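A.B. asks: What follows is coords14.cif, mmCIF, C-alpha atoms.
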data_model
#
loop_
_atom_site.label_atom_id
_atom_site.label_comp_id
_atom_site.auth_asym_id
_atom_site.auth_seq_id
_atom_site.Cartn_x
_atom_site.Cartn_y
_atom_site.Cartn_z
CA MET A 1 96.85 126.64 196.91
CA GLU A 2 94.04 128.05 194.72
CA THR A 3 92.78 125.74 192.00
CA ALA A 4 93.84 128.12 189.23
CA ASP A 5 97.38 126.93 189.87
CA THR A 6 96.74 123.51 188.40
CA SER A 7 95.42 124.53 185.00
CA PRO A 8 98.21 124.02 182.47
CA GLY A 9 99.53 127.13 180.81
CA ALA A 10 98.05 129.40 183.45
CA ARG A 11 101.52 130.36 184.58
CA PRO A 12 105.02 129.92 183.17
CA LEU A 13 106.77 126.61 183.70
CA PRO A 14 107.98 126.62 187.28
CA LEU A 15 111.43 125.34 186.42
CA SER A 16 112.19 127.70 183.56
CA ALA A 17 110.78 130.79 185.22
CA ALA A 18 112.83 132.69 187.76
CA PRO A 19 112.14 131.14 191.16
CA PRO A 20 109.56 133.23 192.96
CA ARG A 21 111.04 132.22 196.29
CA ALA A 22 114.50 130.98 197.07
CA GLY A 23 115.51 127.39 197.72
CA LEU A 24 113.33 124.36 198.17
CA HIS A 25 110.14 126.32 198.67
CA ARG A 26 109.85 126.52 194.93
CA PHE A 27 108.64 122.91 195.05
CA ALA A 28 106.61 123.29 198.23
CA ASN A 29 103.54 124.47 196.37
CA PRO A 30 101.15 121.49 196.15
CA GLY A 31 99.45 122.93 193.06
CA ARG A 32 102.71 123.08 191.19
CA PHE A 33 103.59 119.61 192.42
CA LEU A 34 100.34 118.18 191.05
CA GLN A 35 100.91 119.88 187.72
CA LEU A 36 104.51 118.70 187.38
CA SER A 37 104.01 115.18 188.70
CA GLY A 38 100.92 114.74 186.54
CA ARG A 39 103.07 115.28 183.50
CA VAL A 40 105.92 113.03 184.72
CA LEU A 41 103.90 110.12 186.11
CA PRO A 42 102.64 108.52 182.84
CA TRP A 43 106.17 108.51 181.40
CA LEU A 44 107.62 107.16 184.61
CA ALA A 45 105.04 104.36 184.77
CA ALA A 46 105.56 103.47 181.10
CA ALA A 47 109.35 103.40 181.54
CA ALA A 48 108.95 101.20 184.62
CA VAL A 49 106.70 98.67 182.83
CA LEU A 50 109.01 98.55 179.82
CA THR A 51 112.27 98.21 181.78
CA LEU A 52 110.80 95.72 184.20
CA GLY A 53 109.37 93.64 181.34
CA VAL A 54 112.73 93.50 179.59
CA GLY A 55 114.67 92.90 182.83
CA LEU A 56 112.43 90.13 184.16
CA ALA A 57 112.22 88.33 180.79
CA TRP A 58 116.01 88.52 180.50
CA GLY A 59 116.64 87.48 184.07
CA LEU A 60 113.99 84.78 184.48
CA PHE A 61 114.13 83.15 181.03
CA LEU A 62 117.14 84.17 178.95
CA SER A 63 120.03 84.43 181.42
CA PRO A 64 122.10 81.34 182.25
CA PRO A 65 121.75 79.39 185.52
CA ASP A 66 124.55 79.44 188.10
CA TRP A 67 127.07 76.60 188.05
CA GLN A 68 126.23 75.43 191.57
CA GLN A 69 122.94 77.13 192.48
CA GLY A 70 121.22 76.05 189.25
CA GLU A 71 117.94 77.82 188.50
CA THR A 72 117.59 79.01 192.11
CA VAL A 73 119.93 81.88 191.23
CA ARG A 74 116.98 83.60 189.50
CA ILE A 75 115.60 84.64 192.91
CA LEU A 76 118.47 87.16 192.79
CA TYR A 77 116.65 89.24 190.16
CA VAL A 78 113.93 90.11 192.66
CA HIS A 79 115.78 89.80 195.96
CA VAL A 80 118.68 92.16 195.22
CA PRO A 81 116.60 95.04 193.73
CA MET A 82 114.23 94.77 196.72
CA ALA A 83 117.21 94.99 199.09
CA TRP A 84 118.53 98.04 197.24
CA LEU A 85 115.09 99.68 197.37
CA ALA A 86 114.64 98.85 201.05
CA MET A 87 117.89 100.69 201.85
CA GLY A 88 117.72 103.39 199.16
CA GLY A 89 114.08 104.08 199.96
CA TYR A 90 114.96 104.46 203.63
CA ALA A 91 117.72 106.93 202.72
CA GLY A 92 115.00 108.83 200.80
CA LEU A 93 112.76 108.71 203.87
CA ALA A 94 115.60 110.18 205.97
CA VAL A 95 116.09 113.04 203.48
CA GLY A 96 112.34 113.70 203.43
CA SER A 97 112.28 113.68 207.22
CA ILE A 98 115.10 116.28 207.36
CA LEU A 99 113.14 118.48 204.93
CA SER A 100 110.03 118.10 207.04
CA LEU A 101 111.74 118.69 210.40
CA ILE A 102 113.95 121.64 209.49
CA TRP A 103 112.12 123.32 206.63
CA ARG A 104 108.59 122.22 207.64
CA HIS A 105 108.04 121.25 204.04
CA PRO A 106 104.36 120.12 203.76
CA LEU A 107 104.97 118.01 200.66
CA ALA A 108 107.84 116.18 202.37
CA ASP A 109 105.43 115.22 205.16
CA LEU A 110 103.02 113.71 202.65
CA ALA A 111 105.74 112.01 200.60
CA CYS A 112 107.22 110.35 203.71
CA ARG A 113 103.79 109.21 204.82
CA GLU A 114 103.14 107.61 201.43
CA LEU A 115 106.68 106.23 201.06
CA SER A 116 106.78 104.02 204.15
CA PRO A 117 104.14 101.39 203.17
CA VAL A 118 105.87 100.92 199.80
CA GLY A 119 109.26 100.65 201.50
CA ALA A 120 107.86 98.13 203.98
CA MET A 121 106.55 96.07 201.07
CA ALA A 122 109.96 96.09 199.34
CA THR A 123 111.68 95.03 202.58
CA ALA A 124 109.13 92.26 203.16
CA LEU A 125 109.71 90.96 199.62
CA CYS A 126 113.48 91.11 200.19
CA LEU A 127 113.12 89.03 203.38
CA ALA A 128 110.67 86.55 201.82
CA THR A 129 112.71 85.92 198.66
CA GLY A 130 115.90 85.68 200.71
CA SER A 131 114.28 83.06 202.91
CA LEU A 132 113.11 81.08 199.87
CA TRP A 133 116.69 81.14 198.56
CA GLY A 134 118.22 80.31 201.94
CA LYS A 135 116.36 77.03 202.45
CA PRO A 136 117.73 75.20 199.38
CA MET A 137 121.16 76.92 199.37
CA TRP A 138 122.18 77.38 203.01
CA GLY A 139 119.91 74.69 204.40
CA THR A 140 117.84 77.04 206.59
CA TRP A 141 115.02 79.56 206.17
CA TRP A 142 116.43 81.99 208.69
CA VAL A 143 119.47 82.62 210.90
CA TRP A 144 120.11 85.46 213.33
CA ASP A 145 123.25 86.78 211.69
CA ALA A 146 124.04 90.50 211.54
CA ARG A 147 122.76 91.03 207.97
CA LEU A 148 119.44 89.23 208.32
CA THR A 149 118.74 90.69 211.75
CA SER A 150 119.51 94.27 210.69
CA VAL A 151 117.21 93.91 207.65
CA LEU A 152 114.45 92.64 209.94
CA VAL A 153 114.99 95.74 212.10
CA LEU A 154 114.74 97.84 208.92
CA PHE A 155 111.38 96.19 208.16
CA PHE A 156 110.09 97.01 211.65
CA LEU A 157 111.30 100.62 211.26
CA TRP A 158 109.32 100.94 208.01
CA LEU A 159 106.21 99.48 209.68
CA GLY A 160 106.71 101.63 212.78
CA HIS A 161 106.97 104.78 210.68
CA ALA A 162 103.87 103.89 208.66
CA ALA A 163 101.90 103.28 211.87
CA LEU A 164 103.25 106.28 213.83
CA VAL A 165 102.47 108.97 211.23
CA ARG A 166 98.87 107.70 211.11
CA ALA A 167 98.46 107.44 214.88
CA PHE A 168 97.81 111.15 215.57
CA ASP A 169 94.63 113.15 214.99
CA ASP A 170 96.86 116.14 214.30
CA THR A 171 98.54 115.10 211.03
CA GLU A 172 101.37 117.61 211.41
CA ARG A 173 102.26 116.22 214.82
CA GLY A 174 102.17 112.69 213.39
CA ALA A 175 104.48 113.74 210.58
CA ARG A 176 106.95 115.24 213.04
CA MET A 177 106.98 112.12 215.25
CA GLY A 178 107.42 109.94 212.16
CA ALA A 179 110.30 112.10 210.95
CA ILE A 180 112.08 111.76 214.31
CA LEU A 181 111.62 107.97 214.26
CA ALA A 182 112.85 107.80 210.65
CA LEU A 183 116.00 109.78 211.46
CA ILE A 184 116.81 107.71 214.54
CA GLY A 185 116.29 104.57 212.45
CA ALA A 186 118.61 105.89 209.73
CA VAL A 187 121.53 104.72 211.86
CA ASN A 188 120.50 101.20 210.83
CA VAL A 189 121.10 101.77 207.10
CA PRO A 190 124.93 101.71 207.22
CA ILE A 191 124.67 98.76 209.62
CA VAL A 192 122.63 96.81 207.04
CA LYS A 193 125.04 97.73 204.27
CA PHE A 194 128.30 97.02 206.08
CA SER A 195 127.18 94.20 208.40
CA VAL A 196 128.69 91.64 206.00
CA ASP A 197 132.06 93.43 206.12
CA TRP A 198 132.23 94.31 209.83
CA TRP A 199 131.23 90.92 211.18
CA ASN A 200 131.30 87.43 209.77
CA THR A 201 127.82 86.43 208.67
CA LEU A 202 126.14 83.55 206.89
CA HIS A 203 124.99 86.03 204.26
CA GLN A 204 127.54 86.54 201.48
CA PRO A 205 129.33 89.91 201.09
CA ALA A 206 128.35 92.40 198.38
CA SER A 207 128.89 91.18 194.80
CA VAL A 208 128.07 94.22 192.68
CA THR A 209 129.58 97.05 194.71
CA ARG A 210 132.74 95.34 195.88
CA LEU A 211 136.27 96.60 195.28
CA GLY A 212 137.65 95.42 191.96
CA ALA A 213 135.41 93.61 189.50
CA PRO A 214 131.82 92.57 190.32
CA GLY A 215 131.65 88.93 191.43
CA LEU A 216 128.90 88.23 188.92
CA HIS A 217 129.40 87.10 185.36
CA VAL A 218 128.08 89.79 182.97
CA ASP A 219 125.35 87.41 181.71
CA ILE A 220 123.92 87.53 185.25
CA LEU A 221 125.02 91.08 186.14
CA TYR A 222 123.38 92.92 183.22
CA PRO A 223 119.85 91.51 183.66
CA LEU A 224 120.22 92.21 187.39
CA LEU A 225 121.05 95.87 186.70
CA VAL A 226 118.09 96.19 184.30
CA CYS A 227 115.78 94.62 186.91
CA GLY A 228 117.21 96.99 189.52
CA LEU A 229 116.43 99.99 187.31
CA GLY A 230 112.96 98.66 186.47
CA PHE A 231 111.99 98.01 190.09
CA SER A 232 113.38 101.43 191.09
CA LEU A 233 111.27 103.17 188.43
CA ALA A 234 108.21 101.21 189.54
CA PHE A 235 108.93 102.13 193.18
CA ALA A 236 109.24 105.81 192.25
CA ALA A 237 106.03 105.71 190.19
CA LEU A 238 104.11 104.07 193.05
CA VAL A 239 105.30 106.62 195.61
CA LEU A 240 104.60 109.52 193.24
CA ALA A 241 101.08 108.27 192.49
CA ARG A 242 100.37 107.77 196.21
CA THR A 243 101.68 111.26 197.05
CA ARG A 244 99.51 112.81 194.31
CA ALA A 245 96.48 111.00 195.69
CA ALA A 246 97.32 112.23 199.20
CA VAL A 247 97.60 115.85 198.02
CA MET A 248 94.28 115.62 196.21
CA GLU A 249 92.66 113.94 199.21
CA ARG A 250 93.84 116.75 201.48
CA ARG A 251 92.51 119.31 199.00
CA ILE A 252 89.09 117.63 198.84
CA ARG A 253 88.92 117.53 202.61
CA ALA A 254 89.72 121.26 202.78
CA LEU A 255 87.00 122.01 200.21
CA GLN A 256 84.47 119.89 202.10
CA LEU A 257 85.32 121.66 205.34
CA ALA A 258 84.92 125.03 203.69
CA ALA A 259 81.55 123.98 202.23
CA ALA A 260 80.39 122.72 205.61
CA ARG A 261 81.43 125.98 207.22
CA ARG A 262 79.52 127.98 204.61
CA ALA A 263 76.45 125.82 205.16
CA ASP A 264 76.77 126.44 208.90
CA ILE A 265 76.79 130.20 208.44
CA ALA A 266 73.88 130.20 206.00
CA MET B 1 115.88 131.76 209.26
CA THR B 2 117.48 131.62 212.68
CA ARG B 3 114.90 129.07 213.82
CA LYS B 4 115.64 126.92 210.81
CA LYS B 5 119.36 127.18 211.52
CA ARG B 6 118.76 126.26 215.14
CA ARG B 7 116.76 123.19 214.14
CA LEU B 8 119.50 122.25 211.67
CA TRP B 9 122.22 122.44 214.34
CA LEU B 10 120.08 120.57 216.84
CA LEU B 11 119.54 117.80 214.29
CA LEU B 12 123.26 117.61 213.46
CA LEU B 13 124.14 117.39 217.16
CA CYS B 14 121.58 114.63 217.71
CA ALA B 15 122.93 112.76 214.67
CA LEU B 16 126.47 113.04 216.00
CA GLY B 17 125.43 111.81 219.45
CA LEU B 18 123.34 108.95 218.11
CA GLY B 19 126.04 107.95 215.62
CA SER B 20 128.81 107.79 218.21
CA ALA B 21 126.58 105.98 220.71
CA THR B 22 125.78 103.35 218.08
CA ALA B 23 129.42 103.01 217.06
CA LEU B 24 130.48 102.54 220.70
CA THR B 25 127.72 100.00 221.35
CA LEU B 26 128.56 97.98 218.26
CA THR B 27 132.27 97.97 219.11
CA ALA B 28 131.51 96.87 222.68
CA PHE B 29 129.35 93.97 221.47
CA GLN B 30 131.71 93.05 218.65
CA ASP B 31 132.23 89.52 220.00
CA ASN B 32 128.52 88.81 220.22
CA LEU B 33 127.74 90.13 216.75
CA VAL B 34 129.87 87.62 214.87
CA PHE B 35 127.81 84.72 213.58
CA PHE B 36 130.58 82.11 213.77
CA ARG B 37 134.15 81.66 214.98
CA SER B 38 137.00 80.56 212.77
CA PRO B 39 139.43 77.73 213.60
CA SER B 40 142.08 80.41 214.30
CA ASP B 41 139.77 82.02 216.87
CA ILE B 42 139.38 78.62 218.54
CA ALA B 43 143.14 78.06 218.52
CA ARG B 44 143.74 81.49 220.03
CA GLU B 45 141.06 81.27 222.69
CA ALA B 46 139.70 77.83 223.53
CA PRO B 47 135.92 77.86 224.04
CA GLN B 48 134.42 76.67 227.32
CA PRO B 49 133.67 72.94 227.26
CA ASP B 50 129.99 71.99 226.89
CA ARG B 51 129.16 75.36 225.45
CA ALA B 52 127.60 75.31 221.97
CA PHE B 53 128.97 77.76 219.41
CA ARG B 54 129.23 78.13 215.65
CA LEU B 55 132.37 77.19 213.79
CA GLY B 56 132.86 78.48 210.25
CA GLY B 57 135.42 78.14 207.48
CA LEU B 58 136.11 76.20 204.30
CA VAL B 59 135.73 72.43 204.02
CA GLU B 60 139.31 71.19 203.68
CA THR B 61 140.22 69.53 200.39
CA GLY B 62 140.26 65.73 200.59
CA SER B 63 138.98 65.61 204.16
CA VAL B 64 135.35 64.59 203.58
CA VAL B 65 134.44 61.02 204.60
CA ARG B 66 130.80 60.00 204.21
CA GLU B 67 129.61 56.97 206.17
CA THR B 68 126.41 55.48 207.46
CA ALA B 69 125.93 55.63 211.21
CA PRO B 70 124.83 52.43 213.04
CA ASP B 71 121.25 53.66 213.10
CA GLY B 72 121.24 54.10 209.32
CA LYS B 73 121.60 57.88 209.27
CA PRO B 74 124.24 59.46 207.03
CA GLU B 75 127.34 60.54 208.91
CA ALA B 76 129.99 62.90 207.60
CA ARG B 77 133.46 63.62 208.89
CA PHE B 78 135.44 66.56 207.53
CA ARG B 79 137.81 69.32 208.56
CA VAL B 80 136.93 73.01 208.65
CA THR B 81 139.90 75.25 207.89
CA ASP B 82 140.69 78.92 207.48
CA GLY B 83 144.12 78.36 206.00
CA ALA B 84 146.09 78.75 209.23
CA HIS B 85 144.24 76.27 211.46
CA GLY B 86 141.77 73.41 211.08
CA VAL B 87 139.21 71.63 213.25
CA SER B 88 137.83 68.11 212.71
CA VAL B 89 134.03 67.95 212.57
CA THR B 90 131.60 65.04 212.76
CA TYR B 91 127.97 65.43 211.78
CA VAL B 92 125.07 63.00 211.63
CA GLY B 93 122.30 64.15 209.34
CA VAL B 94 121.56 65.42 205.85
CA LEU B 95 124.06 67.91 204.46
CA PRO B 96 122.87 70.92 202.39
CA ASP B 97 123.07 70.61 198.59
CA LEU B 98 125.86 73.15 198.33
CA PHE B 99 128.12 71.20 200.72
CA ARG B 100 131.35 70.12 199.02
CA GLU B 101 135.10 70.34 199.51
CA GLY B 102 136.33 73.92 199.19
CA GLN B 103 132.90 75.32 200.09
CA GLY B 104 132.29 77.65 203.00
CA VAL B 105 130.27 76.11 205.86
CA VAL B 106 128.95 77.22 209.24
CA THR B 107 128.41 74.45 211.78
CA LEU B 108 126.73 74.60 215.18
CA GLY B 109 127.85 72.26 217.92
CA LYS B 110 130.22 71.60 220.81
CA LEU B 111 133.95 70.96 220.94
CA GLY B 112 134.67 67.55 222.51
CA PRO B 113 137.61 66.84 224.86
CA ASP B 114 139.41 65.09 221.97
CA GLY B 115 139.35 68.29 219.94
CA THR B 116 136.65 67.04 217.56
CA PHE B 117 133.74 69.35 216.93
CA ARG B 118 130.40 67.51 217.16
CA ALA B 119 128.00 69.41 214.96
CA SER B 120 124.22 69.33 215.30
CA GLU B 121 123.67 71.59 212.29
CA VAL B 122 125.68 72.25 209.11
CA LEU B 123 124.83 75.21 206.86
CA ALA B 124 126.50 75.90 203.53
CA ARG B 125 127.82 79.39 202.99
CA HIS B 126 127.62 80.76 199.46
CA ASP B 127 130.35 83.19 198.40
CA GLU B 128 129.75 86.37 196.42
CA THR B 129 130.54 84.91 192.97
CA TYR B 130 127.94 83.90 190.38
CA MET B 131 128.91 82.29 187.09
CA PRO B 132 127.23 80.26 184.34
CA PRO B 133 128.08 76.51 184.25
CA GLU B 134 129.98 76.88 180.95
CA VAL B 135 132.31 79.48 182.42
CA ALA B 136 132.95 77.38 185.52
CA ASP B 137 133.66 74.35 183.32
CA ALA B 138 136.07 76.36 181.19
CA LEU B 139 137.95 77.61 184.24
CA LYS B 140 138.15 74.06 185.61
CA LYS B 141 139.23 72.54 182.30
CA SER B 142 141.95 75.11 181.72
CA GLY B 143 143.31 74.53 185.20
CA HIS B 144 142.65 78.07 186.38
CA TRP B 145 140.38 76.96 189.16
CA ASN B 146 139.64 73.83 191.13
CA PRO B 147 136.48 74.50 193.18
CA ASN B 148 137.59 71.84 195.69
CA GLN B 149 140.61 73.99 196.52
CA GLY B 150 138.64 77.07 197.49
CA ALA B 151 137.38 80.39 196.15
CA ALA B 152 137.19 81.31 192.48
CA PRO B 153 140.01 83.33 190.87
CA PRO B 154 139.70 87.16 190.74
CA ALA B 155 136.40 88.04 189.04
CA ALA B 156 138.07 90.33 186.49
CA THR B 157 139.65 87.26 184.84
CA TRP B 158 136.30 85.57 184.10
CA ASN B 159 133.27 87.82 184.50
CA THR B 160 133.21 88.86 180.84
CA LEU B 161 134.11 85.46 179.36
CA GLU B 162 131.94 84.34 176.43
CA PRO B 163 130.27 81.17 177.80
CA ALA B 164 130.11 79.55 174.35
CA SER B 165 133.79 79.80 173.50
CA ALA B 166 135.00 80.18 177.05
CA GLN B 167 138.76 80.58 177.12
CA PRO B 168 140.16 82.35 180.18
CA ARG B 169 141.98 85.56 179.46
CA ARG B 170 145.74 85.37 179.35
CA GLY B 171 147.78 86.57 182.26
CA SER B 172 145.23 85.45 184.84
#
Turn the structure described in the file into structure tokens.
C.D. replies:
Amino acid sequence: METADTSPGARPLPLSAAPPRAGLHRFANPGRFLQLSGRVLPWLAAAAVLTLGVGLAWGLFLSPPDWQQGETVRILYVHVPMAWLAMGGYAGLAVGSILSLIWRHPLADLACRELSPVGAMATALCLATGSLWGKPMWGTWWVWDARLTSVLVLFFLWLGHAALVRAFDDTERGARMGAILALIGAVNVPIVKFSVDWWNTLHQPASVTRLGAPGLHVDILYPLLVCGLGFSLAFAALVLARTRAAVMERRIRALQLAAARRADIA
Amino acid sequence: MTRKKRRLWLLLLCALGLGSATALTLTAFQDNLVFFRSPSDIAREAPQPDRAFRLGGLVETGSVVRETAPDGKPEARFRVTDGAHGVSVTYVGVLPDLFREGQGVVTLGKLGPDGTFRASEVLARHDETYMPPEVADALKKSGHWNPNQGAAPPAATWNTLEPASAQPRRGS
């Protein structure tokens, strides 16, 4: 945790060197995390901007309309990536919560804490764009079918996690409570995914990941996949930047405390 | 290490318990979790009279009659089918843009004593296929698909068609 850790070249590359400790604790060192993520983040952000620019231009301007939805089909290029991120991000939150509960991984605590507001935002965008599509296509903004309801529950789980980890003065206790909530809520992820197969719903079944060929024409499928990649990279960059800021914030607070303690003694 | 192992086992046990509890609950409430009932469900188990429920299926080909009700509102009569059974539906009001023969719909209403379903709400149901207008036109022109008859042919036969020179692949 000493500051010397962060200066580049001060020690061999953590990944190429023999691991000083076994298993995941190699990555538990916040100093090494700052060093590594600092190098990755600019590339990640640049890749996200580039991919998202290409994907959105392709999807919103160059791809064809749908034969019966017309131009409304373009909502798909935001709605579907947001739905993937809402579920994929929650799976990430569950993994982080396992790391924090079993291995007491301090970085996992911070990453989960910084992940949930971004995940809540993705889920909110998924719900909002879906509603905007539903009104002209289905004829209603909202119905209480299994898919829509389970995604709303997912949104509340994200919000609940974000609020719970911040509700304790003892941050470690907050992280543990949040991890338990996240893992209980993880039962909802397969329900969201398979709701359209298990029960009949107003929401259509999966198009991309269905058995056999995707139900989308390639002129619509390819821009969707590029948008999905772009939004995922942007999501990862946001969470990484937030986690870096949280690590640095914690470090500054520790330094301030130490300074205050020294001033007290003097 | 033992403490970590103990926490790991505890977590796995909790996951198993929570997972089976959820599975049991969802199976028990199966009937309440479906958004609509199909005409076959109605034929198998008649709903209680005067109880509103949702009826879903495809709009039967050639069954749509659009009229104007005495009070000037648009009225539509059509049949909702799932292949095996069908139910006649009447609806006064504006239909969604996607409503057409062969399209999936979900209607909310009550089943009358004459067996006609009086709907107070009609929603269109979009299926999981997305195709450019040129491709749909090509499929229609070549006789591979009539949207009024129901769902599109298997996606593998059209999802890589060139829209400009759309010619459905042979053997489809």
A.B. asks: Can you tell me which residues surround Gly55 (chain A) at a distance of at most 6 Å, considering all atoms listed in the file, apart from same-chain residues fewer than 6 positions away, and format the answer as a list in words?
C.D. replies: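 Residues near the query, excluding close chain neighbours: Pro223, Val226 and Cys227 of chain A.
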A.B. asks: Which residues would end up in the selection if the PyMOL selection byres ((chain A) within 6 of (chain B)) were applied here, given that I need the answer as a PyMOL selection string?
C.D. replies: chain A and resi 64-67+102+138-139+145+199-202+204-205+207+213+215-218
A.B. asks: From the list A:Leu60, A:Val78, A:Leu107, A:Leu152, which residue is nearest Trp133 (chain A) when using only C-alpha atoms?
C.D. replies: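 Ranking A:Leu60, A:Val78, A:Leu107, A:Leu152 by distance to Trp133 (chain A), first place goes to A:Val78.
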A.B. asks: Between CA of Glu67 (chain B) and CA of Gly93 (chain B), measure the distance and give it in Å to one decimal.
C.D. replies: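 CA of Gly93 (chain B) lies 10.7 Å from CA of Glu67 (chain B).
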A.B. asks: Using only C-alpha atoms, can you tell me which of A:Pro190, A:Gly96, A:Gly230, A:Gly88 comes closest to Leu50 (chain A)?
C.D. replies: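 Checking each of A:Pro190, A:Gly96, A:Gly230, A:Gly88 against Leu50 (chain A), counting only C-alpha atoms, the winner is A:Gly230.
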A.B. asks: Could you spell out the hits of the PyMOL selection byres ((chain B and resi 64) around 9) on the shown file, as number ranges by chain?
C.D. replies: B: 59-63, 65-66, 76-79, 100-101
A.B. asks: Do you have the CA of Ala186 (chain A)-CA of Val143 (chain A) distance handy?
C.D. replies: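 We find that CA of Ala186 (chain A) and CA of Val143 (chain A) lie 23.3 Å from each other.
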A.B. asks: Any chance you could resolve the PyMOL selection byres ((chain A and resi 75) around 10) against this file and give the residues as an mmCIF file with C-alpha atoms, keeping the file's coordinate frame?
C.D. replies:
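Final output, saved to expr18.cif:
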data_model
loop_
_atom_site.group_PDB
_atom_site.id
_atom_site.type_symbol
_atom_site.label_atom_id
_atom_site.label_comp_id
_atom_site.auth_asym_id
_atom_site.auth_seq_id
_atom_site.Cartn_x
_atom_site.Cartn_y
_atom_site.Cartn_z
ATOM 1 C CA GLY A 59 116.640 87.480 184.070
ATOM 2 C CA LEU A 60 113.990 84.780 184.480
ATOM 3 C CA GLU A 71 117.940 77.820 188.500
ATOM 4 C CA THR A 72 117.590 79.010 192.110
ATOM 5 C CA VAL A 73 119.930 81.880 191.230
ATOM 6 C CA ARG A 74 116.980 83.600 189.500
ATOM 7 C CA LEU A 76 118.470 87.160 192.790
ATOM 8 C CA TYR A 77 116.650 89.240 190.160
ATOM 9 C CA VAL A 78 113.930 90.110 192.660
ATOM 10 C CA HIS A 79 115.780 89.800 195.960
ATOM 11 C CA VAL A 80 118.680 92.160 195.220
ATOM 12 C CA CYS A 126 113.480 91.110 200.190
ATOM 13 C CA THR A 129 112.710 85.920 198.660
ATOM 14 C CA GLY A 130 115.900 85.680 200.710
ATOM 15 C CA LEU A 132 113.110 81.080 199.870
ATOM 16 C CA TRP A 133 116.690 81.140 198.560
#
A.B. asks: Find the residues around Leu238 (chain A) up to 9 Å (all atoms listed in the file counted), leave out those fewer than 5 positions away in its own chain, and share them as a ChimeraX atom specification.
C.D. replies: /A:45,115,118,233,243
A.B. asks: Quote the spacing between CA of Ala246 (chain A) and CA of Ser37 (chain A) in Å to one decimal place.
C.D. replies: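 Value for the CA of Ala246 (chain A)-CA of Ser37 (chain A) distance: 12.8 Å.
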A.B. asks: With only C-alpha atoms as the atoms that count, which of A:Met137, A:Ala237, A:Val192, A:Leu125 lies nearest to Leu154 (chain A)?
C.D. replies: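 Closest residue, counting only C-alpha atoms: A:Val192.
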